[in-house]
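Novice: Coordinates in data26.tsv, TSV, C-alpha atoms and all ligand atoms, are listed below.
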```
chain	number	residue	atom	x	y	z
A	1	MET	CA	25.66	-5.82	-28.35
A	2	ILE	CA	22.33	-6.69	-29.97
A	3	ARG	CA	21.32	-5.17	-33.35
A	4	HIS	CA	17.72	-4.34	-32.40
A	5	LEU	CA	16.15	-3.57	-29.01
A	6	LEU	CA	12.55	-4.68	-29.41
A	7	SER	CA	11.86	-6.32	-26.06
A	8	ALA	CA	13.41	-6.35	-22.60
A	9	ALA	CA	13.73	-10.09	-23.20
A	10	ASP	CA	16.35	-9.31	-25.88
A	11	LEU	CA	18.75	-8.48	-23.02
A	12	ASP	CA	20.52	-11.15	-21.01
A	13	ALA	CA	21.87	-10.19	-17.58
A	14	ALA	CA	25.37	-9.42	-18.87
A	15	THR	CA	24.12	-7.16	-21.68
A	16	ALA	CA	21.61	-5.37	-19.46
A	17	THR	CA	24.34	-4.78	-16.86
A	18	GLN	CA	26.65	-3.48	-19.60
A	19	VAL	CA	23.95	-0.95	-20.58
A	20	LEU	CA	23.51	0.16	-16.94
A	21	ASP	CA	27.28	0.45	-16.37
A	22	THR	CA	27.69	2.44	-19.59
A	23	ALA	CA	24.75	4.67	-18.58
A	24	GLU	CA	26.57	5.43	-15.32
A	25	GLU	CA	29.56	6.64	-17.33
A	26	MET	CA	27.25	8.68	-19.56
A	27	ALA	CA	25.69	10.28	-16.49
A	28	GLY	CA	29.14	11.66	-15.64
A	29	LEU	CA	29.08	13.55	-18.95
A	30	ALA	CA	26.06	15.56	-17.79
A	31	GLU	CA	28.26	17.09	-15.05
A	32	ARG	CA	30.77	18.43	-17.57
A	33	GLU	CA	30.67	21.89	-19.12
A	34	VAL	CA	30.70	20.41	-22.64
A	35	LYS	CA	28.14	17.59	-22.57
A	36	LYS	CA	29.12	16.01	-25.90
A	37	LEU	CA	31.02	12.97	-27.14
A	38	PRO	CA	32.03	12.56	-30.81
A	39	THR	CA	31.17	8.84	-30.86
A	40	LEU	CA	28.23	8.91	-33.29
A	41	ARG	CA	29.45	11.72	-35.55
A	42	GLY	CA	28.20	11.01	-39.07
A	43	ARG	CA	25.48	8.59	-37.88
A	44	THR	CA	21.79	9.38	-38.24
A	45	VAL	CA	19.11	8.55	-35.66
A	46	VAL	CA	15.44	8.88	-36.63
A	47	ASN	CA	12.79	9.36	-33.93
A	48	LEU	CA	9.69	7.91	-35.59
A	49	PHE	CA	6.74	8.71	-33.32
A	50	TYR	CA	3.18	7.70	-34.21
A	51	GLU	CA	1.97	8.23	-30.64
A	52	ASP	CA	2.39	11.19	-28.28
A	53	SER	CA	5.43	11.34	-26.02
A	54	THR	CA	7.19	13.91	-23.87
A	55	ARG	CA	9.92	12.05	-21.98
A	56	THR	CA	10.92	9.32	-24.41
A	57	ARG	CA	11.09	11.40	-27.57
A	58	THR	CA	12.96	14.31	-26.04
A	59	SER	CA	15.39	12.11	-24.12
A	60	PHE	CA	16.25	10.08	-27.23
A	61	GLU	CA	16.84	13.38	-29.05
A	62	VAL	CA	19.08	14.74	-26.28
A	63	ALA	CA	20.90	11.40	-26.05
A	64	ALA	CA	21.62	11.21	-29.78
A	65	LYS	CA	22.75	14.84	-29.91
A	66	ARG	CA	25.06	14.39	-26.91
A	67	LEU	CA	26.72	11.60	-28.89
A	68	SER	CA	27.02	13.95	-31.92
A	69	ALA	CA	24.60	11.99	-34.14
A	70	ASP	CA	22.37	13.73	-36.67
A	71	VAL	CA	18.76	13.50	-35.48
A	72	ILE	CA	15.58	13.49	-37.55
A	73	ASN	CA	12.39	13.91	-35.53
A	74	PHE	CA	9.44	12.44	-37.39
A	75	SER	CA	5.97	12.81	-35.99
A	76	ALA	CA	3.07	11.09	-37.76
A	77	LYS	CA	1.00	14.21	-37.16
A	78	GLY	CA	1.73	16.61	-40.01
A	79	SER	CA	3.39	13.94	-42.18
A	80	SER	CA	2.27	11.99	-45.26
A	81	VAL	CA	0.84	9.38	-42.87
A	82	SER	CA	-2.32	11.56	-42.96
A	83	LYS	CA	-2.43	10.85	-46.74
A	84	GLY	CA	-2.42	7.13	-46.07
A	85	GLU	CA	1.30	6.34	-46.32
A	86	SER	CA	2.06	3.00	-44.68
A	87	LEU	CA	4.59	2.34	-41.91
A	88	LYS	CA	6.70	0.34	-44.37
A	89	ASP	CA	6.84	3.11	-46.99
A	90	THR	CA	7.56	5.72	-44.33
A	91	ALA	CA	10.37	3.60	-42.92
A	92	LEU	CA	11.90	2.89	-46.34
A	93	THR	CA	11.79	6.63	-47.11
A	94	LEU	CA	13.63	7.42	-43.89
A	95	GLN	CA	16.13	4.64	-44.54
A	96	ALA	CA	16.79	6.12	-48.01
A	97	MET	CA	17.78	9.34	-46.20
A	98	GLY	CA	20.50	7.39	-44.40
A	99	ALA	CA	18.96	6.37	-41.07
A	100	ASP	CA	21.34	4.17	-39.07
A	101	ALA	CA	18.80	3.66	-36.30
A	102	ILE	CA	15.07	4.16	-36.03
A	103	VAL	CA	13.56	4.79	-32.61
A	104	ILE	CA	9.87	3.95	-32.98
A	105	ARG	CA	6.80	4.55	-30.86
A	106	HIS	CA	3.60	3.13	-32.32
A	107	MET	CA	0.08	2.51	-31.09
A	108	ALA	CA	0.14	-1.03	-32.56
A	109	SER	CA	1.80	-3.76	-30.49
A	110	GLY	CA	4.41	-5.47	-32.70
A	111	ALA	CA	5.05	-2.52	-35.05
A	112	PRO	CA	8.78	-2.33	-34.14
A	113	HIS	CA	9.16	-6.05	-34.93
A	114	ARG	CA	7.65	-5.51	-38.41
A	115	LEU	CA	9.91	-2.50	-38.93
A	116	ALA	CA	12.99	-4.54	-38.03
A	117	SER	CA	12.17	-6.97	-40.85
A	118	TRP	CA	12.05	-4.15	-43.44
A	119	ILE	CA	15.10	-1.97	-42.77
A	120	ASP	CA	18.86	-2.51	-42.67
A	121	GLY	CA	19.63	-0.35	-39.64
A	122	SER	CA	18.86	-0.83	-35.96
A	123	VAL	CA	15.36	-0.56	-34.51
A	124	ILE	CA	14.74	0.56	-30.93
A	125	ASN	CA	11.28	0.08	-29.48
A	126	ALA	CA	10.22	3.30	-27.72
A	127	GLY	CA	6.82	1.86	-26.75
A	128	ASP	CA	4.47	-0.27	-28.88
A	129	GLY	CA	0.81	-0.34	-27.92
A	130	THR	CA	0.27	-2.26	-24.71
A	131	HIS	CA	3.25	-4.51	-25.42
A	132	GLU	CA	6.73	-3.26	-24.42
A	133	HIS	CA	8.88	-0.25	-23.58
A	134	PRO	CA	12.35	-1.72	-22.98
A	135	THR	CA	14.33	1.52	-22.51
A	136	GLN	CA	11.82	2.58	-19.83
A	137	ALA	CA	12.59	-0.67	-17.97
A	138	LEU	CA	16.32	0.00	-18.35
A	139	LEU	CA	16.03	3.52	-16.96
A	140	ASP	CA	13.88	2.24	-14.10
A	141	ALA	CA	16.51	-0.40	-13.28
A	142	PHE	CA	19.20	2.29	-13.53
A	143	THR	CA	17.31	4.45	-11.01
A	144	MET	CA	16.71	1.54	-8.60
A	145	ARG	CA	20.38	0.58	-8.70
A	146	ALA	CA	21.47	4.19	-8.15
A	147	ARG	CA	19.15	4.66	-5.14
A	148	LEU	CA	19.33	1.21	-3.54
A	149	GLY	CA	22.77	-0.02	-4.67
A	150	ARG	CA	21.63	-3.32	-6.18
A	151	LEU	CA	18.95	-5.06	-8.22
A	152	GLY	CA	19.42	-8.70	-7.23
A	153	GLY	CA	17.00	-9.67	-4.46
A	154	LEU	CA	15.02	-6.41	-4.50
A	155	SER	CA	11.26	-6.68	-3.94
A	156	VAL	CA	9.51	-4.55	-6.52
A	157	ALA	CA	5.74	-3.96	-6.45
A	158	ILE	CA	4.28	-2.76	-9.76
A	159	VAL	CA	0.85	-1.31	-9.07
A	160	GLY	CA	-2.14	-0.38	-11.20
A	161	ASP	CA	-3.20	-0.64	-14.82
A	162	VAL	CA	-1.06	-3.66	-15.72
A	163	LEU	CA	-3.51	-4.61	-18.47
A	164	HIS	CA	-2.58	-1.65	-20.69
A	165	SER	CA	1.00	-1.18	-19.49
A	166	ARG	CA	3.97	-1.79	-21.77
A	167	VAL	CA	6.10	-0.44	-18.90
A	168	ALA	CA	4.93	-3.25	-16.60
A	169	ARG	CA	5.65	-6.02	-19.10
A	170	SER	CA	9.17	-4.74	-19.90
A	171	ASN	CA	9.94	-4.19	-16.21
A	172	VAL	CA	8.82	-7.70	-15.26
A	173	LEU	CA	11.04	-9.22	-17.94
A	174	LEU	CA	14.12	-7.11	-17.18
A	175	LEU	CA	13.86	-7.22	-13.39
A	176	HIS	CA	13.45	-11.00	-13.52
A	177	THR	CA	16.60	-11.24	-15.67
A	178	LEU	CA	18.47	-9.07	-13.15
A	179	GLY	CA	17.37	-11.09	-10.13
A	180	ALA	CA	14.68	-8.88	-8.57
A	181	LYS	CA	11.37	-10.26	-7.27
A	182	VAL	CA	8.33	-8.61	-8.84
A	183	THR	CA	4.79	-8.48	-7.45
A	184	LEU	CA	2.02	-7.15	-9.69
A	185	VAL	CA	-0.78	-5.41	-7.78
A	186	ALA	CA	-4.00	-4.55	-9.61
A	187	PRO	CA	-7.76	-4.98	-9.59
A	188	PRO	CA	-8.70	-8.19	-11.43
A	189	THR	CA	-10.15	-6.12	-14.30
A	190	LEU	CA	-6.77	-4.49	-14.97
A	191	LEU	CA	-4.71	-7.68	-15.23
A	192	PRO	CA	-4.06	-9.26	-18.65
A	193	VAL	CA	-5.14	-12.76	-19.59
A	194	GLY	CA	-2.18	-15.09	-19.03
A	195	VAL	CA	-0.51	-12.95	-16.36
A	196	GLY	CA	-0.06	-16.14	-14.34
A	197	THR	CA	2.66	-17.20	-16.81
A	198	TRP	CA	4.71	-14.02	-16.22
A	199	PRO	CA	7.73	-14.34	-13.89
A	200	ALA	CA	5.95	-12.39	-11.14
A	201	THR	CA	3.59	-12.86	-8.21
A	202	VAL	CA	0.09	-11.41	-8.60
A	203	THR	CA	-2.12	-9.93	-5.88
A	204	TYR	CA	-5.15	-7.61	-5.58
A	205	ASP	CA	-4.12	-6.30	-2.14
A	206	LEU	CA	-1.84	-3.25	-2.19
A	207	ASP	CA	-1.74	-2.74	1.58
A	208	ALA	CA	-0.45	-6.28	2.10
A	209	VAL	CA	2.64	-5.82	-0.12
A	210	LEU	CA	3.78	-2.38	1.07
A	211	PRO	CA	5.65	-3.43	4.27
A	212	ASP	CA	7.97	-5.74	2.29
A	213	ALA	CA	8.56	-3.60	-0.81
A	214	ASP	CA	11.91	-2.00	-1.60
A	215	VAL	CA	10.35	-0.30	-4.63
A	216	VAL	CA	6.73	0.65	-5.29
A	217	MET	CA	6.24	1.50	-8.95
A	218	MET	CA	2.92	3.13	-9.71
A	219	LEU	CA	1.43	2.80	-13.19
A	220	ARG	CA	-0.65	5.39	-14.96
A	221	VAL	CA	-4.34	4.63	-15.36
A	222	GLN	CA	-4.44	4.76	-19.16
A	223	ARG	CA	-7.65	6.74	-19.59
A	224	GLU	CA	-7.22	6.90	-23.38
A	225	ARG	CA	-7.40	3.08	-23.56
A	226	LEU	CA	-10.44	2.85	-21.23
A	227	THR	CA	-12.78	4.08	-23.90
A	228	GLY	CA	-16.53	4.01	-24.56
A	229	GLY	CA	-18.95	2.12	-22.36
A	230	TRP	CA	-16.15	-0.20	-21.27
A	231	ARG	CA	-14.59	2.42	-19.03
A	232	ASP	CA	-17.06	1.90	-16.21
A	233	SER	CA	-16.44	-1.84	-16.16
A	234	PHE	CA	-12.74	-1.51	-15.23
A	235	PHE	CA	-13.40	0.31	-11.94
A	236	PRO	CA	-16.37	2.29	-10.56
A	237	SER	CA	-14.75	5.75	-10.30
A	238	ASP	CA	-11.39	7.52	-9.95
A	239	ARG	CA	-12.17	8.04	-6.26
A	240	GLU	CA	-12.81	4.32	-5.72
A	241	TYR	CA	-9.64	3.46	-7.63
A	242	ALA	CA	-7.58	5.89	-5.52
A	243	LEU	CA	-9.01	4.41	-2.31
A	244	ARG	CA	-8.04	0.85	-3.24
A	245	TYR	CA	-4.95	1.30	-5.44
A	246	GLY	CA	-3.74	4.89	-5.07
A	247	LEU	CA	-0.48	5.64	-3.26
A	248	ASP	CA	-0.97	8.38	-0.68
A	249	ALA	CA	1.07	9.51	2.33
A	250	ALA	CA	-0.67	7.05	4.69
A	251	ARG	CA	0.27	4.12	2.46
A	252	VAL	CA	3.86	5.38	2.09
A	253	ARG	CA	4.14	5.25	5.90
A	254	ARG	CA	3.53	1.48	5.65
A	255	MET	CA	6.63	1.08	3.44
A	256	PRO	CA	10.13	0.43	4.85
A	257	GLU	CA	12.23	3.58	5.55
A	258	HIS	CA	14.55	2.93	2.61
A	259	ALA	CA	11.85	2.10	0.05
A	260	ILE	CA	11.37	4.31	-2.99
A	261	VAL	CA	8.35	5.37	-5.06
A	262	MET	CA	8.56	5.31	-8.86
A	263	HIS	CA	6.27	6.34	-11.71
A	264	PRO	CA	7.16	6.31	-15.42
A	265	GLY	CA	5.04	9.40	-16.14
A	266	PRO	CA	2.87	11.00	-17.23
A	267	MET	CA	0.98	10.88	-13.92
A	268	ASN	CA	-2.67	11.25	-13.00
A	269	ARG	CA	-2.11	13.11	-9.73
A	270	GLY	CA	-4.85	12.26	-7.25
A	271	VAL	CA	-5.72	8.97	-8.97
A	272	GLU	CA	-2.84	6.43	-8.87
A	273	ILE	CA	-0.55	8.73	-6.84
A	274	SER	CA	-1.17	11.72	-4.59
A	275	ALA	CA	0.62	14.99	-5.32
A	276	GLU	CA	2.21	14.84	-1.85
A	277	VAL	CA	3.81	11.46	-2.59
A	278	ALA	CA	4.82	12.37	-6.15
A	279	ASP	CA	6.71	15.41	-4.88
A	280	SER	CA	8.21	13.73	-1.78
A	281	ALA	CA	11.82	12.76	-1.10
A	282	ARG	CA	10.85	9.09	-1.58
A	283	SER	CA	9.83	9.78	-5.16
A	284	THR	CA	12.38	9.13	-7.94
A	285	ILE	CA	10.18	10.47	-10.75
A	286	VAL	CA	12.52	13.31	-11.76
A	287	GLU	CA	15.60	11.08	-11.38
A	288	GLN	CA	13.98	8.57	-13.72
A	289	VAL	CA	13.75	11.25	-16.42
A	290	ALA	CA	17.41	12.25	-15.94
A	291	GLY	CA	18.44	8.59	-15.98
A	292	GLY	CA	16.47	8.18	-19.20
A	293	VAL	CA	18.93	10.39	-21.08
A	294	SER	CA	21.95	8.45	-19.74
A	295	VAL	CA	20.37	5.07	-20.48
A	296	ARG	CA	19.33	6.06	-24.00
A	297	MET	CA	22.85	7.41	-24.64
A	298	ALA	CA	24.21	4.05	-23.50
A	299	VAL	CA	21.82	2.13	-25.76
A	300	LEU	CA	22.68	4.24	-28.82
A	301	TYR	CA	26.41	4.13	-28.01
A	302	LEU	CA	26.46	0.36	-27.62
A	303	MET	CA	24.19	-0.37	-30.60
A	304	LEU	CA	25.66	2.10	-33.08
A	305	GLY	CA	29.12	2.74	-31.74
A	306	GLY	CA	30.37	-0.71	-32.68
A	307	HIS	CA	30.95	-1.98	-29.13
B	1	LIG	N1	7.32	7.19	-19.67
B	1	LIG	C1	7.03	7.54	-20.94
B	1	LIG	O1	7.15	6.75	-21.88
B	1	LIG	O2	6.65	8.84	-21.09
B	1	LIG	P1	6.27	9.55	-22.47
B	1	LIG	O3	4.99	8.94	-22.96
B	1	LIG	O4	6.15	11.01	-22.15
B	1	LIG	O5	7.38	9.28	-23.45
```
What does the file become when written as C-alpha cells?

Specialist:
Amino acid sequence: MIRHLLSAADLDAATATQVLDTAEEMAGLAEREVKKLPTLRGRTVVNLFYEDSTRTRTSFEVAAKRLSADVINFSAKGSSVSKGESLKDTALTLQAMGADAIVIRHMASGAPHRLASWIDGSVINAGDGTHEHPTQALLDAFTMRARLGRLGGLSVAIVGDVLHSRVARSNVLLLHTLGAKVTLVAPPTLLPVGVGTWPATVTYDLDAVLPDADVVMMLRVQRERLTGGWRDSFFPSDREYALRYGLDAARVRRMPEHAIVMHPGPMNRGVEISAEVADSARSTIVEQVAGGVSVRMAVLYLMLGGH
C-alpha cells in the first residue's frame, strides 16, 4: 500500500480495488454489536482541519476509533494558527506528539503535498482547495459499485461547478483508472482551463447526457468561492442555474430506470438538486456518508496496519 494518499492518481487499479474490497469487509463490522477492531491500537491519527467539514472530519474520526487508534482532532479555529503559527510548525508539533498519520483539509491546493515533505508519518488528503479529495472519490466509487455491481464501463455524468470542485477532479482520475466513462457537464464559466486534457468528455448540455447515464453526480455550487463582483459573471442567478443545470424530478425521469443520483454534500437544495430528488429512492447521498466511514477505515487500515 502507498505511504501517502495525496491524489486519486496515487492509486492504480489494483490498489484502488484493494481499498474498495477492504471497505466492503469494514462495512460488515458496522452490523456487529461491537463495532471495533484492535488493528490500530497504539497508533495515533491526527485530523488537521483548516477548513470546515462535517462528513469528512467526523467519518475519519469514527473510522480511526473503530480501528482502536488514538485520535487527535485539531481545528485551526481556536488553535495557535490564529497567532500566526505556520502549517509546518503546527505539523511538526503534532508529529512530536506521536502522530502516525495526519489527515489534512486545507484551503490551499497543494498543502498536503508540502506536509508530506516535512513529516515522517503518512499524510492523507481530506480536501485541498480546489485540487483533490481522493477519499471522497473512493467512497463514491464504493457506493456506485455497491448499487450497480461494477465500475468498468459505467457512464458517469459529473454536473455543475467543476471549476471549484476537488471532488470532480479526484473522481475523474479514479473512475478513469477503474474503467468508467466520465462526462463533465457545466456552464463554460464553471469549467477549469485545461479541462480538455482530463480523461473525460465535456459538454454544456445536461439534458443530452441524462438518457445514457448510469450515474448522475451533482456538484455543489461553491458559493464561498464565488466571491465579490465575480459572482455574477459565473451565472446570472440561482434560478437560472437551476433551470439549466439543476437536477429535478422531470430530469430524473429522463434517466434510465437503474441510474442513481449522487451528491458529495453539503447540498444547496433547490439550486443544483431539488429536495424531491435528494430525498428520493434514486439518491445515494446517505449511503455515500455511510460508505465514507468504511472507506476511510480501509484507507487507515491499509496505510497504517502494515498491509
Ligand atoms: N463531502 C465533503 O467533503 O463534505 P464535508 O465538507 O462536510 O467534509

Novice: Padding of 6 Å on every side, edges along x, y and z, all listed atoms of ligand LIG 1 (chain B) included: what centre and edge lengths in Å, to one decimal, does that box have, as lines of an AutoDock Vina configuration file?

Specialist:
```
center_x = 6.2
center_y = 8.9
center_z = -21.6
size_x = 14.4
size_y = 16.3
size_z = 15.8
```

Novice: CA of Ala290 in chain A and CA of Arg32 in chain A are how many Å apart?

Specialist: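 Distance reported for this atom pair: 14.8 Å.
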
Novice: Kindly assemble as a Markdown table a list of the chain A residues that lie within 9 Å of ligand LIG 1 (chain B), each paired with its nearest atom pair and their distance in Å to one decimal, using all atoms listed in the file, sorted first by chain and then by ascending residue number.

Specialist:
```
| residue | atom | partner | partner_atom | distance |
| --- | --- | --- | --- | --- |
| A:Glu51 | CA | B:LIG1 | O3 | 8.3 |
| A:Asp52 | CA | B:LIG1 | O3 | 6.3 |
| A:Ser53 | CA | B:LIG1 | O5 | 3.8 |
| A:Thr54 | CA | B:LIG1 | O4 | 3.5 |
| A:Arg55 | CA | B:LIG1 | O4 | 3.9 |
| A:Thr56 | CA | B:LIG1 | O5 | 3.7 |
| A:Arg57 | CA | B:LIG1 | O5 | 5.9 |
| A:Thr58 | CA | B:LIG1 | O5 | 7.9 |
| A:Ser59 | CA | B:LIG1 | O5 | 8.5 |
| A:Arg105 | CA | B:LIG1 | O5 | 8.8 |
| A:Ala126 | CA | B:LIG1 | O1 | 7.4 |
| A:Gly127 | CA | B:LIG1 | O1 | 6.9 |
| A:His133 | CA | B:LIG1 | O1 | 7.4 |
| A:Thr135 | CA | B:LIG1 | O1 | 8.9 |
| A:Gln136 | CA | B:LIG1 | N1 | 6.4 |
| A:Val167 | CA | B:LIG1 | N1 | 7.8 |
| A:His263 | CA | B:LIG1 | N1 | 8.1 |
| A:Pro264 | CA | B:LIG1 | N1 | 4.3 |
| A:Gly265 | CA | B:LIG1 | N1 | 4.7 |
| A:Pro266 | CA | B:LIG1 | O2 | 5.8 |
| A:Val289 | CA | B:LIG1 | N1 | 8.3 |
```

Novice: Determine, for each residue of range 173-223 of chain A having at least one atom at most 9 Å from an atom of range 137-146 of chain A, the closest pair of atoms and their separation in Å to one decimal, counting only C-alpha atoms; order by chain and ascending number, as JSON lines.

Specialist:
```
{"residue": "A:Leu173", "atom": "CA", "partner": "A:Ala137", "partner_atom": "CA", "distance": 8.7}
{"residue": "A:Leu174", "atom": "CA", "partner": "A:Ala137", "partner_atom": "CA", "distance": 6.7}
{"residue": "A:Leu175", "atom": "CA", "partner": "A:Ala141", "partner_atom": "CA", "distance": 7.3}
{"residue": "A:Leu178", "atom": "CA", "partner": "A:Ala141", "partner_atom": "CA", "distance": 8.9}
{"residue": "A:Val215", "atom": "CA", "partner": "A:Met144", "partner_atom": "CA", "distance": 7.7}
```

Novice: Mind listing whatever residues come within 9 Å of the point (23.7, -5.3, -10.3)? Use only C-alpha atoms, file coordinates, and give them as an MDAnalysis selection string.

Specialist: chainID A and resid 13 17 20 145 149:152 178:179

Novice: For each of A:Ser75, A:Ser122, A:Ser109, A:Gln18, take the minimum atom-to-atom distance to Met303 in chain A, counting only C-alpha atoms, then give the residue where this is smallest.

Specialist: A:Ser122

Novice: So what do you get for CA of Leu94 in chain A versus CA of Ala9 in chain A, distance-wise?

Specialist: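 Taking CA of Leu94 in chain A as the start and CA of Ala9 in chain A as the end point, the length is 27.1 Å.
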
Novice: Excluding Ala259 in chain A and any residue of its chain fewer than 4 positions from it, enumerate the residues within 9 Å of it, using only C-alpha atoms, and give them as a PyMOL selection string.

Specialist: chain A and resi 148+213-216+252+255+282

Novice: If you count only C-alpha atoms, which residues fall within 12 Å of Met1 in chain A, apart from same-chain ones fewer than 3 positions away, as a list of chain:residue names?

Specialist: A:His4, A:Leu5, A:Asp10, A:Leu11, A:Asp12, A:Ala14, A:Thr15, A:Ala16, A:Thr17, A:Gln18, A:Val19, A:Ser122, A:Ala298, A:Val299, A:Leu300, A:Tyr301, A:Leu302, A:Met303, A:Leu304, A:Gly305, A:Gly306, A:His307

Novice: Have a look at CA of Ser294 in chain A and CA of Val103 in chain A and let me know their distance in Å, one decimal.

Specialist: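 CA of Val103 in chain A lies at a distance of 15.8 Å from CA of Ser294 in chain A.
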
Novice: Could you rebuild range 113-127 of chain A with N, CA, C and O atoms and give it back as a PDB file, in the frame of the given file?

Specialist:
```pdb
ATOM      1  N   HIS A 113       8.699  -4.763 -34.404  1.00  0.00           N
ATOM      2  CA  HIS A 113       9.160  -6.050 -34.930  1.00  0.00           C
ATOM      3  C   HIS A 113       8.998  -6.091 -36.444  1.00  0.00           C
ATOM      4  O   HIS A 113       9.869  -6.581 -37.156  1.00  0.00           O
ATOM      5  N   ARG A 114       7.868  -5.573 -36.962  1.00  0.00           N
ATOM      6  CA  ARG A 114       7.650  -5.510 -38.410  1.00  0.00           C
ATOM      7  C   ARG A 114       8.712  -4.609 -39.036  1.00  0.00           C
ATOM      8  O   ARG A 114       9.305  -4.943 -40.056  1.00  0.00           O
ATOM      9  N   LEU A 115       8.930  -3.464 -38.410  1.00  0.00           N
ATOM     10  CA  LEU A 115       9.910  -2.500 -38.930  1.00  0.00           C
ATOM     11  C   LEU A 115      11.297  -3.143 -39.047  1.00  0.00           C
ATOM     12  O   LEU A 115      11.999  -2.945 -40.049  1.00  0.00           O
ATOM     13  N   ALA A 116      11.662  -3.908 -38.047  1.00  0.00           N
ATOM     14  CA  ALA A 116      12.990  -4.540 -38.030  1.00  0.00           C
ATOM     15  C   ALA A 116      13.168  -5.500 -39.204  1.00  0.00           C
ATOM     16  O   ALA A 116      14.299  -5.750 -39.645  1.00  0.00           O
ATOM     17  N   SER A 117      12.058  -6.038 -39.723  1.00  0.00           N
ATOM     18  CA  SER A 117      12.170  -6.970 -40.850  1.00  0.00           C
ATOM     19  C   SER A 117      12.272  -6.226 -42.188  1.00  0.00           C
ATOM     20  O   SER A 117      12.538  -6.841 -43.212  1.00  0.00           O
ATOM     21  N   TRP A 118      12.049  -4.911 -42.180  1.00  0.00           N
ATOM     22  CA  TRP A 118      12.050  -4.150 -43.440  1.00  0.00           C
ATOM     23  C   TRP A 118      13.314  -3.335 -43.657  1.00  0.00           C
ATOM     24  O   TRP A 118      13.642  -2.993 -44.777  1.00  0.00           O
ATOM     25  N   ILE A 119      13.991  -2.925 -42.576  1.00  0.00           N
ATOM     26  CA  ILE A 119      15.100  -1.970 -42.770  1.00  0.00           C
ATOM     27  C   ILE A 119      16.444  -2.602 -42.385  1.00  0.00           C
ATOM     28  O   ILE A 119      16.506  -3.598 -41.678  1.00  0.00           O
ATOM     29  N   ASP A 120      17.520  -1.967 -42.902  1.00  0.00           N
ATOM     30  CA  ASP A 120      18.860  -2.510 -42.670  1.00  0.00           C
ATOM     31  C   ASP A 120      19.449  -2.065 -41.330  1.00  0.00           C
ATOM     32  O   ASP A 120      20.275  -2.763 -40.758  1.00  0.00           O
ATOM     33  N   GLY A 121      19.038  -0.884 -40.855  1.00  0.00           N
ATOM     34  CA  GLY A 121      19.630  -0.350 -39.640  1.00  0.00           C
ATOM     35  C   GLY A 121      19.049  -0.973 -38.377  1.00  0.00           C
ATOM     36  O   GLY A 121      18.356  -1.997 -38.428  1.00  0.00           O
ATOM     37  N   SER A 122      19.357  -0.343 -37.249  1.00  0.00           N
ATOM     38  CA  SER A 122      18.860  -0.830 -35.960  1.00  0.00           C
ATOM     39  C   SER A 122      17.486  -0.256 -35.657  1.00  0.00           C
ATOM     40  O   SER A 122      17.182   0.871 -36.052  1.00  0.00           O
ATOM     41  N   VAL A 123      16.674  -1.028 -34.959  1.00  0.00           N
ATOM     42  CA  VAL A 123      15.360  -0.560 -34.510  1.00  0.00           C
ATOM     43  C   VAL A 123      15.332  -0.599 -32.979  1.00  0.00           C
ATOM     44  O   VAL A 123      15.716  -1.614 -32.377  1.00  0.00           O
ATOM     45  N   ILE A 124      14.895   0.494 -32.392  1.00  0.00           N
ATOM     46  CA  ILE A 124      14.740   0.560 -30.930  1.00  0.00           C
ATOM     47  C   ILE A 124      13.272   0.831 -30.631  1.00  0.00           C
ATOM     48  O   ILE A 124      12.700   1.812 -31.127  1.00  0.00           O
ATOM     49  N   ASN A 125      12.685  -0.040 -29.846  1.00  0.00           N
ATOM     50  CA  ASN A 125      11.280   0.080 -29.480  1.00  0.00           C
ATOM     51  C   ASN A 125      11.123   1.137 -28.369  1.00  0.00           C
ATOM     52  O   ASN A 125      11.588   0.942 -27.244  1.00  0.00           O
ATOM     53  N   ALA A 126      10.448   2.227 -28.701  1.00  0.00           N
ATOM     54  CA  ALA A 126      10.220   3.300 -27.720  1.00  0.00           C
ATOM     55  C   ALA A 126       8.793   3.242 -27.173  1.00  0.00           C
ATOM     56  O   ALA A 126       8.269   4.247 -26.686  1.00  0.00           O
ATOM     57  N   GLY A 127       8.180   2.053 -27.257  1.00  0.00           N
ATOM     58  CA  GLY A 127       6.820   1.860 -26.750  1.00  0.00           C
ATOM     59  C   GLY A 127       5.885   1.457 -27.870  1.00  0.00           C
ATOM     60  O   GLY A 127       5.634   2.256 -28.775  1.00  0.00           O
TER      61      GLY A 127
END
```
